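Listing of final_25.txt; format and content: compact mmCIF, N, CA and C atoms.
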# COMPACT_ATOMS: atom_id res chain seq x y z
N MET A 1 -5.53 -9.33 -18.22
CA MET A 1 -4.92 -9.49 -19.53
C MET A 1 -5.68 -10.55 -20.33
N ALA A 2 -6.20 -11.54 -19.62
CA ALA A 2 -6.96 -12.59 -20.30
C ALA A 2 -8.22 -12.00 -20.94
N ARG A 3 -8.86 -11.05 -20.25
CA ARG A 3 -10.07 -10.41 -20.82
C ARG A 3 -9.73 -9.66 -22.10
N LEU A 4 -8.58 -9.00 -22.10
CA LEU A 4 -8.15 -8.27 -23.28
C LEU A 4 -7.90 -9.22 -24.45
N ASN A 5 -7.24 -10.33 -24.16
CA ASN A 5 -6.96 -11.34 -25.19
C ASN A 5 -8.25 -11.93 -25.74
N ASP A 6 -9.20 -12.24 -24.86
CA ASP A 6 -10.49 -12.79 -25.30
C ASP A 6 -11.25 -11.78 -26.15
N ALA A 7 -11.24 -10.51 -25.76
CA ALA A 7 -11.93 -9.47 -26.52
C ALA A 7 -11.30 -9.30 -27.90
N TYR A 8 -9.97 -9.40 -27.98
CA TYR A 8 -9.28 -9.28 -29.27
C TYR A 8 -9.67 -10.45 -30.20
N LYS A 9 -9.67 -11.66 -29.66
CA LYS A 9 -10.06 -12.83 -30.47
C LYS A 9 -11.50 -12.70 -30.96
N LYS A 10 -12.38 -12.23 -30.08
CA LYS A 10 -13.78 -12.06 -30.46
C LYS A 10 -13.92 -11.03 -31.57
N LEU A 11 -13.15 -9.93 -31.48
CA LEU A 11 -13.18 -8.89 -32.50
C LEU A 11 -12.70 -9.44 -33.84
N VAL A 12 -11.61 -10.21 -33.85
CA VAL A 12 -11.09 -10.79 -35.09
C VAL A 12 -12.11 -11.75 -35.70
N GLU A 13 -12.75 -12.58 -34.89
CA GLU A 13 -13.80 -13.49 -35.38
C GLU A 13 -14.94 -12.71 -36.01
N ASP A 14 -15.36 -11.61 -35.32
CA ASP A 14 -16.45 -10.78 -35.84
C ASP A 14 -16.06 -10.17 -37.19
N LEU A 15 -14.80 -9.71 -37.30
CA LEU A 15 -14.33 -9.16 -38.58
C LEU A 15 -14.35 -10.23 -39.67
N ASN A 16 -13.90 -11.43 -39.34
CA ASN A 16 -13.87 -12.52 -40.31
C ASN A 16 -15.28 -12.87 -40.79
N GLN A 17 -16.25 -12.81 -39.92
CA GLN A 17 -17.62 -13.18 -40.28
C GLN A 17 -18.33 -12.07 -41.05
N ASN A 18 -18.03 -10.82 -40.76
CA ASN A 18 -18.82 -9.72 -41.33
C ASN A 18 -18.17 -9.02 -42.51
N ILE A 19 -16.88 -9.21 -42.72
CA ILE A 19 -16.24 -8.58 -43.88
C ILE A 19 -15.95 -9.68 -44.89
N LYS A 20 -16.68 -9.65 -45.99
CA LYS A 20 -16.57 -10.70 -47.00
C LYS A 20 -15.45 -10.45 -48.00
N ASN A 21 -15.13 -9.21 -48.24
CA ASN A 21 -14.06 -8.88 -49.17
C ASN A 21 -12.72 -9.14 -48.47
N LYS A 22 -11.93 -10.05 -49.09
CA LYS A 22 -10.66 -10.46 -48.50
C LYS A 22 -9.67 -9.29 -48.39
N GLU A 23 -9.66 -8.42 -49.37
CA GLU A 23 -8.74 -7.27 -49.32
C GLU A 23 -9.12 -6.32 -48.19
N ASP A 24 -10.42 -6.06 -48.05
CA ASP A 24 -10.88 -5.19 -46.97
C ASP A 24 -10.57 -5.82 -45.60
N LEU A 25 -10.79 -7.15 -45.52
CA LEU A 25 -10.52 -7.86 -44.28
C LEU A 25 -9.04 -7.78 -43.92
N ALA A 26 -8.16 -7.99 -44.89
CA ALA A 26 -6.72 -7.92 -44.66
C ALA A 26 -6.31 -6.50 -44.23
N TYR A 27 -6.91 -5.50 -44.88
CA TYR A 27 -6.61 -4.11 -44.56
C TYR A 27 -7.02 -3.78 -43.10
N VAL A 28 -8.22 -4.18 -42.73
CA VAL A 28 -8.73 -3.90 -41.38
C VAL A 28 -7.88 -4.62 -40.34
N LYS A 29 -7.52 -5.88 -40.63
CA LYS A 29 -6.69 -6.65 -39.69
C LYS A 29 -5.32 -6.00 -39.53
N GLU A 30 -4.75 -5.51 -40.62
CA GLU A 30 -3.44 -4.85 -40.56
C GLU A 30 -3.51 -3.59 -39.72
N LYS A 31 -4.55 -2.77 -39.94
CA LYS A 31 -4.71 -1.54 -39.18
C LYS A 31 -4.98 -1.85 -37.69
N LEU A 32 -5.76 -2.89 -37.45
CA LEU A 32 -6.04 -3.30 -36.08
C LEU A 32 -4.76 -3.77 -35.39
N ALA A 33 -3.93 -4.54 -36.09
CA ALA A 33 -2.66 -5.02 -35.53
C ALA A 33 -1.74 -3.83 -35.22
N ASP A 34 -1.71 -2.83 -36.12
CA ASP A 34 -0.90 -1.63 -35.87
C ASP A 34 -1.39 -0.90 -34.62
N PHE A 35 -2.71 -0.79 -34.50
CA PHE A 35 -3.29 -0.12 -33.34
C PHE A 35 -2.97 -0.89 -32.05
N VAL A 36 -3.09 -2.20 -32.09
CA VAL A 36 -2.80 -3.03 -30.91
C VAL A 36 -1.34 -2.89 -30.53
N ASP A 37 -0.43 -2.84 -31.51
CA ASP A 37 0.99 -2.65 -31.21
C ASP A 37 1.22 -1.33 -30.46
N ILE A 38 0.54 -0.26 -30.91
CA ILE A 38 0.68 1.04 -30.25
C ILE A 38 0.15 0.97 -28.82
N VAL A 39 -1.00 0.31 -28.64
CA VAL A 39 -1.58 0.17 -27.30
C VAL A 39 -0.62 -0.60 -26.39
N ILE A 40 -0.04 -1.67 -26.92
CA ILE A 40 0.90 -2.48 -26.12
C ILE A 40 2.13 -1.66 -25.76
N GLN A 41 2.65 -0.87 -26.69
CA GLN A 41 3.80 -0.03 -26.40
C GLN A 41 3.48 0.99 -25.30
N GLU A 42 2.30 1.58 -25.39
CA GLU A 42 1.88 2.55 -24.37
C GLU A 42 1.73 1.87 -23.01
N LEU A 43 1.13 0.69 -23.01
CA LEU A 43 0.97 -0.05 -21.76
C LEU A 43 2.34 -0.42 -21.16
N ASN A 44 3.26 -0.83 -22.01
CA ASN A 44 4.61 -1.14 -21.53
C ASN A 44 5.27 0.10 -20.94
N GLY A 45 5.04 1.26 -21.56
CA GLY A 45 5.58 2.51 -21.03
C GLY A 45 4.99 2.82 -19.66
N VAL A 46 3.71 2.60 -19.51
CA VAL A 46 3.06 2.82 -18.22
C VAL A 46 3.62 1.87 -17.17
N VAL A 47 3.81 0.61 -17.56
CA VAL A 47 4.35 -0.38 -16.63
C VAL A 47 5.77 0.01 -16.21
N ARG A 48 6.61 0.43 -17.18
CA ARG A 48 7.97 0.86 -16.85
C ARG A 48 7.95 2.07 -15.91
N PHE A 49 7.06 3.02 -16.20
CA PHE A 49 6.93 4.20 -15.35
C PHE A 49 6.56 3.79 -13.92
N LYS A 50 5.59 2.90 -13.80
CA LYS A 50 5.16 2.44 -12.47
C LYS A 50 6.28 1.66 -11.78
N GLU A 51 7.04 0.87 -12.53
CA GLU A 51 8.16 0.14 -11.94
C GLU A 51 9.23 1.11 -11.45
N ASP A 52 9.52 2.16 -12.24
CA ASP A 52 10.48 3.17 -11.82
C ASP A 52 10.02 3.88 -10.55
N LYS A 53 8.74 4.23 -10.50
CA LYS A 53 8.19 4.87 -9.31
C LYS A 53 8.30 3.94 -8.10
N MET A 54 8.02 2.66 -8.33
CA MET A 54 8.11 1.69 -7.25
C MET A 54 9.56 1.57 -6.76
N ASP A 55 10.52 1.55 -7.69
CA ASP A 55 11.93 1.50 -7.32
C ASP A 55 12.32 2.73 -6.50
N GLN A 56 11.82 3.90 -6.91
CA GLN A 56 12.11 5.13 -6.17
C GLN A 56 11.52 5.07 -4.76
N LEU A 57 10.30 4.57 -4.67
CA LEU A 57 9.67 4.44 -3.35
C LEU A 57 10.43 3.47 -2.47
N GLU A 58 10.88 2.37 -3.05
CA GLU A 58 11.65 1.39 -2.27
C GLU A 58 12.97 1.99 -1.80
N GLN A 59 13.64 2.76 -2.67
CA GLN A 59 14.89 3.42 -2.30
C GLN A 59 14.65 4.44 -1.18
N THR A 60 13.59 5.22 -1.32
CA THR A 60 13.25 6.19 -0.29
C THR A 60 12.95 5.48 1.03
N GLN A 61 12.25 4.35 0.95
CA GLN A 61 11.94 3.59 2.16
C GLN A 61 13.21 3.07 2.82
N ARG A 62 14.17 2.59 2.00
CA ARG A 62 15.45 2.12 2.57
C ARG A 62 16.18 3.27 3.26
N GLU A 63 16.18 4.45 2.63
CA GLU A 63 16.84 5.62 3.23
C GLU A 63 16.17 6.01 4.53
N LEU A 64 14.83 6.01 4.54
CA LEU A 64 14.10 6.35 5.76
C LEU A 64 14.35 5.31 6.85
N ASP A 65 14.39 4.04 6.48
CA ASP A 65 14.68 2.99 7.46
C ASP A 65 16.07 3.19 8.07
N ALA A 66 17.03 3.56 7.23
CA ALA A 66 18.39 3.79 7.73
C ALA A 66 18.40 4.98 8.70
N LYS A 67 17.67 6.05 8.35
CA LYS A 67 17.61 7.22 9.23
C LYS A 67 16.91 6.86 10.54
N ILE A 68 15.85 6.09 10.46
CA ILE A 68 15.14 5.68 11.68
C ILE A 68 16.04 4.83 12.56
N ASN A 69 16.80 3.91 11.94
CA ASN A 69 17.73 3.07 12.71
C ASN A 69 18.78 3.93 13.40
N LYS A 70 19.31 4.92 12.68
CA LYS A 70 20.32 5.81 13.26
C LYS A 70 19.72 6.59 14.43
N MET A 71 18.51 7.11 14.24
CA MET A 71 17.85 7.84 15.31
C MET A 71 17.58 6.93 16.51
N GLN A 72 17.22 5.69 16.25
CA GLN A 72 16.97 4.75 17.35
C GLN A 72 18.26 4.49 18.12
N GLN A 73 19.38 4.37 17.41
CA GLN A 73 20.66 4.18 18.08
C GLN A 73 20.98 5.38 18.97
N ILE A 74 20.72 6.57 18.46
CA ILE A 74 20.97 7.79 19.24
C ILE A 74 20.08 7.80 20.48
N LEU A 75 18.80 7.47 20.29
CA LEU A 75 17.88 7.43 21.43
C LEU A 75 18.30 6.36 22.44
N ASP A 76 18.75 5.21 21.95
CA ASP A 76 19.22 4.16 22.85
C ASP A 76 20.41 4.64 23.66
N ASN A 77 21.32 5.36 23.00
CA ASN A 77 22.49 5.88 23.71
C ASN A 77 22.08 6.93 24.74
N ILE A 78 21.13 7.78 24.39
CA ILE A 78 20.64 8.78 25.34
C ILE A 78 20.00 8.09 26.53
N GLU A 79 19.16 7.10 26.24
CA GLU A 79 18.50 6.36 27.32
C GLU A 79 19.54 5.67 28.20
N LYS A 80 20.56 5.11 27.58
CA LYS A 80 21.62 4.45 28.34
C LYS A 80 22.32 5.45 29.25
N ASP A 81 22.59 6.65 28.70
CA ASP A 81 23.24 7.68 29.50
C ASP A 81 22.35 8.14 30.66
N ILE A 82 21.07 8.28 30.40
CA ILE A 82 20.16 8.77 31.44
C ILE A 82 19.98 7.74 32.54
N TYR A 83 19.79 6.49 32.15
CA TYR A 83 19.48 5.45 33.12
C TYR A 83 20.68 4.59 33.49
N SER A 84 21.85 5.09 33.22
CA SER A 84 23.06 4.34 33.53
C SER A 84 23.17 4.11 35.03
N ASP A 85 23.61 2.91 35.39
CA ASP A 85 23.82 2.60 36.80
C ASP A 85 25.06 3.29 37.35
N GLU A 86 25.94 3.70 36.46
CA GLU A 86 27.13 4.41 36.89
C GLU A 86 26.71 5.78 37.40
N GLY A 87 27.48 6.30 38.34
CA GLY A 87 27.17 7.62 38.86
C GLY A 87 27.35 8.67 37.80
N PHE A 88 26.86 9.85 38.08
CA PHE A 88 27.10 10.94 37.16
C PHE A 88 27.76 12.06 37.93
N ASP A 89 28.38 12.94 37.19
CA ASP A 89 29.13 14.02 37.82
C ASP A 89 28.17 15.07 38.38
N PHE A 90 28.58 15.62 39.51
CA PHE A 90 27.82 16.67 40.17
C PHE A 90 28.78 17.82 40.40
N GLU A 91 28.38 19.01 39.96
CA GLU A 91 29.26 20.17 40.10
C GLU A 91 29.11 20.78 41.49
N ILE A 92 30.23 21.01 42.12
CA ILE A 92 30.26 21.65 43.43
C ILE A 92 30.98 22.99 43.28
N VAL A 93 30.43 24.02 43.88
CA VAL A 93 31.11 25.32 43.98
C VAL A 93 31.36 25.52 45.46
N CYS A 94 32.62 25.57 45.81
CA CYS A 94 32.99 25.71 47.22
C CYS A 94 32.44 27.04 47.75
N PRO A 95 31.69 26.99 48.85
CA PRO A 95 31.14 28.24 49.40
C PRO A 95 32.21 29.11 50.06
N TYR A 96 33.40 28.56 50.26
CA TYR A 96 34.46 29.31 50.94
C TYR A 96 35.39 30.02 49.95
N CYS A 97 35.75 29.33 48.87
CA CYS A 97 36.72 29.92 47.93
C CYS A 97 36.19 30.03 46.50
N ASN A 98 34.94 29.59 46.27
CA ASN A 98 34.30 29.61 44.95
C ASN A 98 34.98 28.72 43.92
N TYR A 99 35.79 27.79 44.37
CA TYR A 99 36.44 26.84 43.46
C TYR A 99 35.37 25.86 42.95
N GLU A 100 35.37 25.63 41.64
CA GLU A 100 34.40 24.72 41.04
C GLU A 100 35.08 23.39 40.75
N PHE A 101 34.41 22.30 41.14
CA PHE A 101 34.94 20.97 40.86
C PHE A 101 33.78 19.98 40.76
N PHE A 102 34.07 18.81 40.24
CA PHE A 102 33.04 17.80 40.02
C PHE A 102 33.31 16.59 40.89
N ILE A 103 32.20 15.99 41.35
CA ILE A 103 32.31 14.74 42.10
C ILE A 103 31.27 13.77 41.54
N ASP A 104 31.47 12.49 41.75
CA ASP A 104 30.45 11.51 41.41
C ASP A 104 29.39 11.55 42.49
N VAL A 105 28.14 11.43 42.06
CA VAL A 105 27.06 11.43 43.03
C VAL A 105 27.16 10.17 43.89
N ASP A 106 27.22 10.38 45.18
CA ASP A 106 27.24 9.28 46.14
C ASP A 106 26.42 9.77 47.33
N GLU A 107 25.18 9.33 47.40
CA GLU A 107 24.27 9.82 48.43
C GLU A 107 24.67 9.36 49.83
N GLU A 108 25.65 8.49 49.93
CA GLU A 108 26.15 8.06 51.23
C GLU A 108 27.08 9.11 51.85
N LYS A 109 27.71 9.91 51.00
CA LYS A 109 28.62 10.95 51.50
C LYS A 109 27.80 12.11 52.05
N THR A 110 28.20 12.61 53.20
CA THR A 110 27.51 13.77 53.79
C THR A 110 28.36 15.02 53.74
N GLU A 111 29.66 14.86 53.45
CA GLU A 111 30.53 16.01 53.30
C GLU A 111 31.71 15.64 52.41
N ILE A 112 32.33 16.69 51.87
CA ILE A 112 33.49 16.49 50.99
C ILE A 112 34.44 17.65 51.23
N GLN A 113 35.71 17.36 51.05
CA GLN A 113 36.73 18.40 51.26
C GLN A 113 37.01 19.09 49.93
N CYS A 114 37.05 20.42 49.97
CA CYS A 114 37.37 21.21 48.78
C CYS A 114 38.83 20.94 48.42
N PRO A 115 39.12 20.59 47.18
CA PRO A 115 40.51 20.32 46.80
C PRO A 115 41.36 21.59 46.75
N GLU A 116 40.75 22.76 46.75
CA GLU A 116 41.50 24.01 46.67
C GLU A 116 41.83 24.56 48.07
N CYS A 117 40.79 24.82 48.86
CA CYS A 117 41.01 25.45 50.17
C CYS A 117 40.99 24.44 51.32
N GLU A 118 40.62 23.22 51.02
CA GLU A 118 40.59 22.10 51.96
C GLU A 118 39.57 22.24 53.08
N ASN A 119 38.62 23.16 52.95
CA ASN A 119 37.51 23.25 53.90
C ASN A 119 36.53 22.11 53.61
N MET A 120 35.82 21.69 54.64
CA MET A 120 34.82 20.64 54.49
C MET A 120 33.50 21.27 54.06
N ILE A 121 32.86 20.67 53.06
CA ILE A 121 31.59 21.16 52.52
C ILE A 121 30.52 20.12 52.84
N GLU A 122 29.46 20.54 53.49
CA GLU A 122 28.36 19.63 53.80
C GLU A 122 27.57 19.34 52.52
N LEU A 123 27.17 18.09 52.37
CA LEU A 123 26.37 17.67 51.22
C LEU A 123 25.00 17.25 51.71
N ASP A 124 23.97 17.81 51.12
CA ASP A 124 22.60 17.44 51.45
C ASP A 124 21.92 17.01 50.16
N TRP A 125 21.75 15.73 49.99
CA TRP A 125 21.20 15.18 48.75
C TRP A 125 19.68 15.24 48.72
N SER A 126 19.05 15.53 49.80
CA SER A 126 17.59 15.46 49.86
C SER A 126 16.91 16.81 49.66
N GLY A 127 17.62 17.90 49.78
CA GLY A 127 17.01 19.22 49.77
C GLY A 127 16.79 19.77 48.38
N ASN A 128 16.01 20.84 48.34
CA ASN A 128 15.77 21.59 47.11
C ASN A 128 16.72 22.78 47.13
N PRO A 129 17.60 22.88 46.14
CA PRO A 129 18.60 23.97 46.15
C PRO A 129 17.96 25.35 46.18
N ASP A 130 16.79 25.52 45.56
CA ASP A 130 16.15 26.84 45.56
C ASP A 130 15.70 27.22 46.96
N GLU A 131 15.16 26.26 47.70
CA GLU A 131 14.71 26.53 49.06
C GLU A 131 15.90 26.87 49.96
N GLU A 132 16.99 26.12 49.78
CA GLU A 132 18.18 26.36 50.60
C GLU A 132 18.77 27.73 50.33
N ALA A 133 18.75 28.16 49.07
CA ALA A 133 19.30 29.47 48.73
C ALA A 133 18.46 30.57 49.36
N ASP A 134 17.15 30.37 49.44
CA ASP A 134 16.26 31.37 50.03
C ASP A 134 16.41 31.44 51.54
N SER A 135 16.73 30.30 52.18
CA SER A 135 16.78 30.28 53.64
C SER A 135 18.08 30.85 54.19
N GLY A 136 19.11 30.92 53.37
CA GLY A 136 20.38 31.48 53.82
C GLY A 136 21.16 30.50 54.66
N CYS A 137 22.26 30.97 55.20
CA CYS A 137 23.15 30.15 56.01
C CYS A 137 22.53 29.91 57.37
N ASP A 138 22.61 28.68 57.85
CA ASP A 138 22.06 28.39 59.18
C ASP A 138 23.15 28.39 60.26
N GLY A 139 24.40 28.65 59.90
CA GLY A 139 25.48 28.77 60.86
C GLY A 139 26.01 27.46 61.37
N SER A 140 25.62 26.32 60.75
CA SER A 140 26.05 25.03 61.28
C SER A 140 27.38 24.55 60.70
N CYS A 141 27.91 25.25 59.72
CA CYS A 141 29.18 24.79 59.14
C CYS A 141 30.35 25.44 59.89
N SER A 142 31.54 24.94 59.62
CA SER A 142 32.71 25.43 60.36
C SER A 142 33.45 26.56 59.63
N GLY A 143 32.96 26.94 58.43
CA GLY A 143 33.74 27.87 57.62
C GLY A 143 33.48 29.33 57.85
N CYS A 144 32.25 29.75 58.16
CA CYS A 144 31.99 31.17 58.21
C CYS A 144 31.79 31.69 59.63
N ASN A 145 31.67 30.80 60.60
CA ASN A 145 31.53 31.16 62.01
C ASN A 145 30.28 31.99 62.31
N ARG A 146 29.25 31.87 61.49
CA ARG A 146 27.97 32.55 61.76
C ARG A 146 27.15 31.71 62.71
N MET A 147 26.50 32.32 63.63
CA MET A 147 25.63 31.57 64.56
C MET A 147 24.41 32.36 64.88
Starting from the file, give its structure as structure tokens.
Amino acid sequence: MARLNDAYKKLVEDLNQNIKNKEDLAYVKEKLADFVDIVIQELNGVVRFKEDKMDQLEQTQRELDAKINKMQQILDNIEKDIYSDEGFDFEIVCPYCNYEFFIDVDEEKTEIQCPECENMIELDWSGNPDEEADSGCDGSCSGCNRM
């Protein structure tokens, strides 16, 4: 802005030195002042436009920050659920009566009683369920009497 002000002063000095007719000088200065007013108005409009855009960007940034915070809270809750020290429910389908029920995972338990038919169900926490399903019954339980 200082450069613009210096250039304007230099232009006015040049006009004062080179235009000897006072009426012509006054006319040129008046037209120059009118032109400068228009330039200043346009510049102010550009500044207002840029300020409005900046306000919009700041508002958008606040909205995005709020969404990111909400997503982070959701992720924190998911992480808490996944890595919770509390046990999680494990679905059991009784092989004797097909009754479905849930138990808390407790790898210390090796068997559990079905609440419906009261048969004992062996629990194997180390095996792969797909492999066990392929191998079939080994006859070691007390429910089906297969040997």
Checklist entry - Got a sec: who's within 12 Å of Tyr99 in chain A, counting only C-alpha atoms, leaving out chain neighbours fewer than 6 positions off, as a ChimeraX atom specification? => result /A:91-93,113-119,121
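Atom to atom, atom C of Leu11 in chain A and atom C of Val46 in chain A stand 25.9 Å apart.
The interatomic distance for the pair atom C of Phe90 in chain A and atom N of Asp104 in chain A works out to 6.1 Å.
As for atom C of Val105 in chain A and atom C of Glu122 in chain A, they are spaced 12.6 Å apart.
Those residues that approach range 29-43 of chain A to within 10 Å, counting only C-alpha atoms, are Tyr8, Leu11, Val12, Leu15, Asn16, Glu23 and Phe49 of chain A; same-chain residues fewer than 6 positions away are not listed.
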Atoms to include: N, CA and C atoms. Write the selected residues as a PDB file, keeping the file's coordinate frame.
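What landed in again_9.pdb:
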ATOM      1  N   TYR A   8      -9.970  -9.400 -27.980  1.00  0.00           N
ATOM      2  CA  TYR A   8      -9.280  -9.280 -29.270  1.00  0.00           C
ATOM      3  C   TYR A   8      -9.670 -10.450 -30.200  1.00  0.00           C
ATOM      4  N   LEU A  11     -13.150  -9.930 -31.480  1.00  0.00           N
ATOM      5  CA  LEU A  11     -13.180  -8.890 -32.500  1.00  0.00           C
ATOM      6  C   LEU A  11     -12.700  -9.440 -33.840  1.00  0.00           C
ATOM      7  N   VAL A  12     -11.610 -10.210 -33.850  1.00  0.00           N
ATOM      8  CA  VAL A  12     -11.090 -10.790 -35.090  1.00  0.00           C
ATOM      9  C   VAL A  12     -12.110 -11.750 -35.700  1.00  0.00           C
ATOM     10  N   LEU A  15     -14.800  -9.710 -37.300  1.00  0.00           N
ATOM     11  CA  LEU A  15     -14.330  -9.160 -38.580  1.00  0.00           C
ATOM     12  C   LEU A  15     -14.350 -10.230 -39.670  1.00  0.00           C
ATOM     13  N   ASN A  16     -13.900 -11.430 -39.340  1.00  0.00           N
ATOM     14  CA  ASN A  16     -13.870 -12.520 -40.310  1.00  0.00           C
ATOM     15  C   ASN A  16     -15.280 -12.870 -40.790  1.00  0.00           C
ATOM     16  N   GLU A  23      -9.660  -8.420 -49.370  1.00  0.00           N
ATOM     17  CA  GLU A  23      -8.740  -7.270 -49.320  1.00  0.00           C
ATOM     18  C   GLU A  23      -9.120  -6.320 -48.190  1.00  0.00           C
ATOM     19  N   PHE A  49       7.060   3.020 -16.200  1.00  0.00           N
ATOM     20  CA  PHE A  49       6.930   4.200 -15.350  1.00  0.00           C
ATOM     21  C   PHE A  49       6.560   3.790 -13.920  1.00  0.00           C
TER      22      PHE A  49
END
Listed atoms of range 38-51 of chain A boxed along x, y and z, 4 Å each side, centre and edge lengths in Å, one decimal, as AutoDock Vina command-line options:
--center_x 3.8 --center_y 0.9 --center_z -21.2 --size_x 18.8 --size_y 14.7 --size_z 27.5
Checklist entry - Where does DSSP see alpha helix (DSSP H) in range 34-107 of chain A, if you list the residues as a VMD selection string? => result chain A and resid 34 to 82
